[in-house]
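What follows is input.cif (mmCIF, C-alpha atoms).
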```cif
data_data
#
loop_
_atom_site.label_atom_id
_atom_site.label_comp_id
_atom_site.auth_asym_id
_atom_site.auth_seq_id
_atom_site.Cartn_x
_atom_site.Cartn_y
_atom_site.Cartn_z
CA MET C 1352 -69.25 9.65 30.07
CA GLY C 1353 -70.71 6.19 29.65
CA LYS C 1354 -67.81 3.75 30.09
CA THR C 1355 -69.72 1.49 32.46
CA SER C 1356 -72.84 1.60 30.29
CA LEU C 1357 -70.77 0.70 27.23
CA ILE C 1358 -69.22 -2.30 28.97
CA THR C 1359 -72.50 -3.44 30.52
CA ARG C 1360 -74.27 -3.28 27.15
CA PHE C 1361 -71.44 -5.25 25.52
CA ILE C 1362 -71.20 -7.91 28.25
CA THR C 1363 -74.89 -8.37 29.16
CA ASN C 1364 -76.77 -6.62 26.34
CA THR C 1365 -78.66 -4.56 28.93
CA PHE C 1366 -78.89 -0.85 29.65
CA ASN C 1367 -79.53 0.74 33.03
CA ILE C 1368 -80.40 4.44 33.03
CA ASP C 1369 -79.28 4.70 36.68
CA THR C 1370 -75.68 3.46 36.28
CA LYS C 1371 -73.48 4.78 39.08
CA PRO C 1372 -69.94 6.10 38.47
CA THR C 1373 -67.19 3.51 38.83
CA MET C 1374 -65.32 3.74 42.12
CA GLY C 1375 -61.69 2.92 41.31
CA ALA C 1376 -61.80 0.05 38.82
CA ALA C 1377 -64.00 -2.92 37.96
CA ILE C 1378 -63.07 -6.00 35.92
CA HIS C 1379 -65.39 -7.64 33.39
CA VAL C 1380 -64.83 -10.78 31.32
CA LYS C 1381 -66.39 -11.92 28.08
CA TYR C 1382 -65.60 -14.73 25.66
CA ILE C 1383 -66.12 -13.93 22.01
CA GLU C 1384 -65.67 -15.83 18.78
CA ARG C 1385 -63.37 -14.21 16.23
CA ASP C 1386 -61.95 -15.87 13.12
CA SER C 1387 -62.92 -19.36 14.39
CA LYS C 1388 -61.13 -18.74 17.69
CA THR C 1389 -62.49 -18.18 21.16
CA ILE C 1390 -60.95 -15.10 22.72
CA LEU C 1391 -61.19 -14.12 26.36
CA LEU C 1392 -61.54 -10.37 26.79
CA GLN C 1393 -60.68 -8.94 30.17
CA ILE C 1394 -62.15 -5.44 30.25
CA TRP C 1395 -61.18 -3.01 32.98
CA ASP C 1396 -63.62 -0.22 33.72
CA PHE C 1397 -61.60 2.56 35.26
CA GLY C 1398 -63.23 5.43 37.15
CA GLY C 1399 -62.77 8.64 35.17
CA GLU C 1400 -62.74 11.06 38.07
CA ASP C 1401 -59.50 12.93 38.81
CA LYS C 1402 -59.29 11.38 42.28
CA TYR C 1403 -58.65 7.95 40.64
CA ARG C 1404 -55.97 9.19 38.24
CA PHE C 1405 -53.11 8.00 40.49
CA LEU C 1406 -54.39 4.41 40.19
CA LEU C 1407 -54.36 4.33 36.39
CA PRO C 1408 -50.67 3.47 35.79
CA SER C 1409 -50.86 0.31 37.90
CA TYR C 1410 -53.97 -0.83 36.02
CA ALA C 1411 -52.36 -0.08 32.63
CA TYR C 1412 -49.52 -2.57 33.11
CA GLY C 1413 -49.99 -5.54 30.76
CA THR C 1414 -52.66 -3.82 28.68
CA PHE C 1415 -53.09 -4.72 25.01
CA GLY C 1416 -55.45 -1.86 24.08
CA ALA C 1417 -57.39 1.04 25.55
CA ILE C 1418 -60.64 2.85 24.94
CA PHE C 1419 -60.90 6.50 25.92
CA MET C 1420 -64.43 7.88 25.91
CA TYR C 1421 -66.01 11.28 25.55
CA ASP C 1422 -69.64 12.36 25.79
CA ILE C 1423 -70.85 13.84 22.47
CA THR C 1424 -73.08 16.26 24.42
CA LYS C 1425 -70.22 17.71 26.53
CA ILE C 1426 -67.31 19.39 24.77
CA GLU C 1427 -65.38 19.54 28.05
CA THR C 1428 -65.03 15.73 27.99
CA LEU C 1429 -62.52 16.16 25.14
CA ALA C 1430 -60.29 18.47 27.19
CA ASN C 1431 -57.87 16.30 29.18
CA PHE C 1432 -57.07 13.34 26.93
CA ARG C 1433 -53.38 14.17 26.59
CA GLU C 1434 -52.93 14.17 30.38
CA TRP C 1435 -54.92 10.97 30.92
CA ILE C 1436 -53.08 9.16 28.12
CA SER C 1437 -49.74 10.29 29.52
CA VAL C 1438 -50.70 8.94 32.95
CA PHE C 1439 -51.97 5.72 31.34
CA LYS C 1440 -48.79 5.21 29.28
CA SER C 1441 -46.58 5.79 32.33
CA GLY C 1442 -47.78 2.42 33.66
CA LEU C 1443 -47.21 0.37 30.51
CA LYS C 1444 -44.54 -2.28 30.19
CA THR C 1445 -41.47 -0.62 28.71
CA ASP C 1446 -41.28 -3.26 25.96
CA ASN C 1447 -44.92 -2.70 25.01
CA ASN C 1448 -45.38 1.03 24.56
CA GLU C 1449 -47.27 0.80 21.25
CA ILE C 1450 -50.73 0.32 22.73
CA PRO C 1451 -53.65 1.02 20.39
CA ILE C 1452 -56.01 3.58 21.84
CA LEU C 1453 -59.50 3.99 20.42
CA LEU C 1454 -61.42 7.27 20.78
CA VAL C 1455 -65.08 6.49 21.49
CA GLY C 1456 -67.93 8.98 21.65
CA GLY C 1457 -70.82 7.94 23.82
CA LYS C 1458 -74.49 8.92 23.99
CA LEU C 1459 -75.07 8.93 20.23
CA ASP C 1460 -78.78 8.63 21.00
CA LEU C 1461 -78.54 12.28 22.13
CA GLU C 1462 -77.36 13.49 18.70
CA SER C 1463 -79.78 16.44 18.89
CA ASN C 1464 -77.84 17.67 21.96
CA ARG C 1465 -74.40 17.21 20.35
CA ASN C 1466 -71.82 19.68 21.61
CA CYS C 1467 -68.69 18.05 20.10
CA SER C 1468 -68.28 18.91 16.45
CA GLU C 1469 -66.69 16.64 13.86
CA ASN C 1470 -63.88 19.24 13.71
CA ASP C 1471 -63.27 18.97 17.48
CA ILE C 1472 -63.11 15.20 17.29
CA ASN C 1473 -60.95 15.08 14.16
CA SER C 1474 -58.44 17.53 15.62
CA LEU C 1475 -58.09 15.20 18.62
CA LEU C 1476 -57.79 12.20 16.31
CA ASN C 1477 -55.09 14.03 14.31
CA THR C 1478 -52.84 14.24 17.40
CA GLY C 1479 -51.78 10.65 16.70
CA LEU C 1480 -52.85 9.52 20.17
CA PHE C 1481 -55.66 7.37 18.76
CA PHE C 1482 -55.69 4.81 15.97
CA ASP C 1483 -59.35 5.46 15.13
CA LYS C 1484 -62.64 6.87 16.39
CA ILE C 1485 -66.20 5.61 16.62
CA GLU C 1486 -69.40 6.85 18.24
CA CYS C 1487 -71.98 4.65 19.91
CA SER C 1488 -75.07 4.55 22.07
CA SER C 1489 -75.35 2.17 24.99
CA MET C 1490 -79.03 3.04 25.27
CA THR C 1491 -79.92 2.00 21.70
CA ASN C 1492 -77.06 -0.53 21.30
CA LYS C 1493 -75.79 1.31 18.21
CA ASN C 1494 -72.17 0.43 17.36
CA ILE C 1495 -71.52 -1.24 20.74
CA ASN C 1496 -70.13 -4.46 19.26
CA LYS C 1497 -68.30 -2.44 16.59
CA VAL C 1498 -66.34 -0.63 19.31
CA PHE C 1499 -64.95 -3.88 20.69
CA VAL C 1500 -64.46 -5.53 17.28
CA LEU C 1501 -62.52 -2.48 16.07
CA MET C 1502 -60.31 -2.62 19.16
CA LEU C 1503 -59.86 -6.39 19.08
CA ASP C 1504 -58.97 -6.44 15.38
CA LYS C 1505 -56.30 -3.78 15.97
CA VAL C 1506 -54.85 -5.68 18.95
CA ILE C 1507 -54.76 -8.94 16.98
CA LYS C 1508 -53.06 -7.24 14.05
CA LEU C 1509 -50.39 -5.75 16.34
CA GLN C 1510 -49.84 -9.07 18.14
CA GLU C 1511 -49.33 -10.86 14.83
CA ARG C 1512 -46.42 -8.50 14.07
CA ILE C 1513 -44.62 -9.44 17.28
#
```

Please render this file's structure as structure tokens.
Amino acid sequence: MGKTSLITRFITNTFNIDTKPTMGAAIHVKYIERDSKTILLQIWDFGGEDKYRFLLPSYAYGTFGAIFMYDITKIETLANFREWISVFKSGLKTDNNEIPILLVGGKLDLESNRNCSENDINSLLNTGLFFDKIECSSMTNKNINKVFVLMLDKVIKLQERI
């Protein structure tokens, strides 16, 4: 669905057409400047295959935010979000269950092959599972930084309330 490509584009500003699926989980780190502060982002790239689902709760512990991706060209990638989010939330710290989750559509460069309608996406957004949605293209670099800025701004806002 493009999770690894999204992270690679954000971290290194490169795109590899032959990106392999993530086996288990991978950790990436990036420092960014935000509001005159240097922030260290630790980004976990979690394999989206069902066989890795049992690992997700242990990786969720201590999380401040999450990005769940779908492929705009494959309607079936919208199908199991409730299950995956339930599994994800089962691993969260009990005192930190209000984790912002961003819905991100990948492969925006393939707009002509879109198979997920605005209605499909909005009905998922209206479940209340996600605080917002955005679509991007790792290939063209469209909205890549916006994905992480949107997430980071939400996390910062929630942390300021604590």

Given the file above and the PyMOL selection byres ((chain C and resi 1424-1426) around 12), which residues are selected, and can you give them as JSON, numbers by chain? {"C": [1352, 1353, 1420, 1421, 1422, 1423, 1427, 1428, 1429, 1430, 1431, 1456, 1457, 1458, 1459, 1460, 1461, 1462, 1463, 1464, 1465, 1466, 1467, 1468, 1469, 1470, 1471, 1472, 1475, 1486]}

By how many Å are atom CA of C:Leu1392 and atom CA of C:Phe1415 apart?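 Spanning atom CA of C:Leu1392 to atom CA of C:Phe1415 is a straight-line distance of 10.3 Å.
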
Exercise: C:Ser1437 partners within 12 Å, all atoms listed in the file, chain neighbours under 2 positions left out, as a PyMOL selection string: chain C and resi 1404-1405+1407-1408+1411+1431-1435+1439-1443+1448+1452+1480

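Using all atoms listed in the file, the shortest contact distance between C:Lys1505 and any of C:Ile1394, C:Ile1436, C:Leu1453, C:Leu1476 is found at C:Leu1453.
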
Taking into account all atoms listed in the file, which residue in the set C:Lys1388, C:Ile1495, C:Ala1417, C:Gly1479 is nearest to C:Phe1366?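 With all atoms listed in the file as the atom set, the closest residue is C:Ile1495.
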
My list of candidates is C:Leu1406, C:Cys1487, C:Val1438, C:Leu1454. Which is closest to C:Ser1474 when distances are computed with all atoms listed in the file? C:Leu1454

Could you spell out the hits of the PyMOL selection byres ((chain C and resi 1499) around 10) on the shown file, as a PyMOL selection string? chain C and resi 1357-1358+1361+1392+1418+1453+1494-1498+1500-1505

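If you apply the PyMOL selection byres ((chain C and resi 1489) around 6) to this structure, you end up with Ser1356, Leu1357, Arg1360, Ser1488, Met1490, Thr1491 and Asn1492 of chain C.
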
Using the partial input, fill out stretch 1364-1397 of chain C with N, CA and C atoms; write the result as a PDB file, in the coordinates of the input.
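The resulting file, rebuild_8.pdb, is shown below:
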```
ATOM      1  N   ASN C1364     -75.754  -7.123  27.264  1.00  0.00           N
ATOM      2  CA  ASN C1364     -76.770  -6.620  26.340  1.00  0.00           C
ATOM      3  C   ASN C1364     -77.950  -5.968  27.075  1.00  0.00           C
ATOM      4  N   THR C1365     -77.639  -5.302  28.179  1.00  0.00           N
ATOM      5  CA  THR C1365     -78.660  -4.560  28.930  1.00  0.00           C
ATOM      6  C   THR C1365     -78.216  -3.111  29.087  1.00  0.00           C
ATOM      7  N   PHE C1366     -79.171  -2.259  29.407  1.00  0.00           N
ATOM      8  CA  PHE C1366     -78.890  -0.850  29.650  1.00  0.00           C
ATOM      9  C   PHE C1366     -79.637  -0.420  30.896  1.00  0.00           C
ATOM     10  N   ASN C1367     -78.929   0.241  31.802  1.00  0.00           N
ATOM     11  CA  ASN C1367     -79.530   0.740  33.030  1.00  0.00           C
ATOM     12  C   ASN C1367     -79.352   2.253  33.061  1.00  0.00           C
ATOM     13  N   ILE C1368     -80.444   2.974  33.039  1.00  0.00           N
ATOM     14  CA  ILE C1368     -80.400   4.440  33.030  1.00  0.00           C
ATOM     15  C   ILE C1368     -79.764   5.005  34.295  1.00  0.00           C
ATOM     16  N   ASP C1369     -79.785   4.232  35.388  1.00  0.00           N
ATOM     17  CA  ASP C1369     -79.280   4.700  36.680  1.00  0.00           C
ATOM     18  C   ASP C1369     -77.892   4.161  37.023  1.00  0.00           C
ATOM     19  N   THR C1370     -77.030   3.965  36.028  1.00  0.00           N
ATOM     20  CA  THR C1370     -75.680   3.460  36.280  1.00  0.00           C
ATOM     21  C   THR C1370     -74.904   4.460  37.135  1.00  0.00           C
ATOM     22  N   LYS C1371     -74.277   3.945  38.168  1.00  0.00           N
ATOM     23  CA  LYS C1371     -73.480   4.780  39.080  1.00  0.00           C
ATOM     24  C   LYS C1371     -72.041   4.874  38.570  1.00  0.00           C
ATOM     25  N   PRO C1372     -71.343   5.974  38.878  1.00  0.00           N
ATOM     26  CA  PRO C1372     -69.940   6.100  38.470  1.00  0.00           C
ATOM     27  C   PRO C1372     -69.090   4.983  39.088  1.00  0.00           C
ATOM     28  N   THR C1373     -68.088   4.544  38.340  1.00  0.00           N
ATOM     29  CA  THR C1373     -67.190   3.510  38.830  1.00  0.00           C
ATOM     30  C   THR C1373     -66.284   4.076  39.903  1.00  0.00           C
ATOM     31  N   MET C1374     -66.185   3.354  41.014  1.00  0.00           N
ATOM     32  CA  MET C1374     -65.320   3.740  42.120  1.00  0.00           C
ATOM     33  C   MET C1374     -64.024   2.959  41.968  1.00  0.00           C
ATOM     34  N   GLY C1375     -62.956   3.619  41.523  1.00  0.00           N
ATOM     35  CA  GLY C1375     -61.690   2.920  41.310  1.00  0.00           C
ATOM     36  C   GLY C1375     -61.704   2.190  39.989  1.00  0.00           C
ATOM     37  N   ALA C1376     -61.799   0.857  40.046  1.00  0.00           N
ATOM     38  CA  ALA C1376     -61.800   0.050  38.820  1.00  0.00           C
ATOM     39  C   ALA C1376     -62.667  -1.193  39.033  1.00  0.00           C
ATOM     40  N   ALA C1377     -63.213  -1.682  37.945  1.00  0.00           N
ATOM     41  CA  ALA C1377     -64.000  -2.920  37.960  1.00  0.00           C
ATOM     42  C   ALA C1377     -63.520  -3.775  36.792  1.00  0.00           C
ATOM     43  N   ILE C1378     -63.528  -5.080  36.969  1.00  0.00           N
ATOM     44  CA  ILE C1378     -63.070  -6.000  35.920  1.00  0.00           C
ATOM     45  C   ILE C1378     -64.280  -6.772  35.391  1.00  0.00           C
ATOM     46  N   HIS C1379     -64.337  -6.888  34.063  1.00  0.00           N
ATOM     47  CA  HIS C1379     -65.390  -7.640  33.390  1.00  0.00           C
ATOM     48  C   HIS C1379     -64.732  -8.622  32.430  1.00  0.00           C
ATOM     49  N   VAL C1380     -65.378  -9.759  32.206  1.00  0.00           N
ATOM     50  CA  VAL C1380     -64.830 -10.780  31.320  1.00  0.00           C
ATOM     51  C   VAL C1380     -65.910 -11.208  30.336  1.00  0.00           C
ATOM     52  N   LYS C1381     -65.477 -11.417  29.093  1.00  0.00           N
ATOM     53  CA  LYS C1381     -66.390 -11.920  28.080  1.00  0.00           C
ATOM     54  C   LYS C1381     -65.600 -12.762  27.076  1.00  0.00           C
ATOM     55  N   TYR C1382     -66.164 -13.907  26.723  1.00  0.00           N
ATOM     56  CA  TYR C1382     -65.600 -14.730  25.660  1.00  0.00           C
ATOM     57  C   TYR C1382     -66.304 -14.361  24.368  1.00  0.00           C
ATOM     58  N   ILE C1383     -65.512 -14.189  23.306  1.00  0.00           N
ATOM     59  CA  ILE C1383     -66.120 -13.930  22.010  1.00  0.00           C
ATOM     60  C   ILE C1383     -65.450 -14.804  20.954  1.00  0.00           C
ATOM     61  N   GLU C1384     -66.195 -15.071  19.911  1.00  0.00           N
ATOM     62  CA  GLU C1384     -65.670 -15.830  18.780  1.00  0.00           C
ATOM     63  C   GLU C1384     -65.172 -14.845  17.734  1.00  0.00           C
ATOM     64  N   ARG C1385     -63.960 -15.083  17.258  1.00  0.00           N
ATOM     65  CA  ARG C1385     -63.370 -14.210  16.230  1.00  0.00           C
ATOM     66  C   ARG C1385     -62.469 -15.059  15.358  1.00  0.00           C
ATOM     67  N   ASP C1386     -62.757 -15.103  14.064  1.00  0.00           N
ATOM     68  CA  ASP C1386     -61.950 -15.870  13.120  1.00  0.00           C
ATOM     69  C   ASP C1386     -61.778 -17.322  13.568  1.00  0.00           C
ATOM     70  N   SER C1387     -62.887 -17.952  13.957  1.00  0.00           N
ATOM     71  CA  SER C1387     -62.920 -19.360  14.390  1.00  0.00           C
ATOM     72  C   SER C1387     -62.112 -19.623  15.656  1.00  0.00           C
ATOM     73  N   LYS C1388     -61.844 -18.594  16.428  1.00  0.00           N
ATOM     74  CA  LYS C1388     -61.130 -18.740  17.690  1.00  0.00           C
ATOM     75  C   LYS C1388     -61.970 -18.153  18.813  1.00  0.00           C
ATOM     76  N   THR C1389     -61.857 -18.745  19.984  1.00  0.00           N
ATOM     77  CA  THR C1389     -62.490 -18.180  21.160  1.00  0.00           C
ATOM     78  C   THR C1389     -61.476 -17.313  21.878  1.00  0.00           C
ATOM     79  N   ILE C1390     -61.852 -16.069  22.099  1.00  0.00           N
ATOM     80  CA  ILE C1390     -60.950 -15.100  22.720  1.00  0.00           C
ATOM     81  C   ILE C1390     -61.568 -14.631  24.035  1.00  0.00           C
ATOM     82  N   LEU C1391     -60.759 -14.630  25.073  1.00  0.00           N
ATOM     83  CA  LEU C1391     -61.190 -14.120  26.360  1.00  0.00           C
ATOM     84  C   LEU C1391     -60.801 -12.648  26.457  1.00  0.00           C
ATOM     85  N   LEU C1392     -61.798 -11.801  26.586  1.00  0.00           N
ATOM     86  CA  LEU C1392     -61.540 -10.370  26.790  1.00  0.00           C
ATOM     87  C   LEU C1392     -61.647 -10.076  28.278  1.00  0.00           C
ATOM     88  N   GLN C1393     -60.641  -9.439  28.795  1.00  0.00           N
ATOM     89  CA  GLN C1393     -60.680  -8.940  30.170  1.00  0.00           C
ATOM     90  C   GLN C1393     -60.766  -7.433  30.039  1.00  0.00           C
ATOM     91  N   ILE C1394     -61.878  -6.866  30.440  1.00  0.00           N
ATOM     92  CA  ILE C1394     -62.150  -5.440  30.250  1.00  0.00           C
ATOM     93  C   ILE C1394     -62.147  -4.760  31.615  1.00  0.00           C
ATOM     94  N   TRP C1395     -61.286  -3.784  31.740  1.00  0.00           N
ATOM     95  CA  TRP C1395     -61.180  -3.010  32.980  1.00  0.00           C
ATOM     96  C   TRP C1395     -61.945  -1.705  32.799  1.00  0.00           C
ATOM     97  N   ASP C1396     -62.852  -1.460  33.700  1.00  0.00           N
ATOM     98  CA  ASP C1396     -63.620  -0.220  33.720  1.00  0.00           C
ATOM     99  C   ASP C1396     -63.007   0.663  34.787  1.00  0.00           C
ATOM    100  N   PHE C1397     -62.335   1.695  34.344  1.00  0.00           N
ATOM    101  CA  PHE C1397     -61.600   2.560  35.260  1.00  0.00           C
ATOM    102  C   PHE C1397     -62.379   3.839  35.521  1.00  0.00           C
TER     103      PHE C1397
END
```
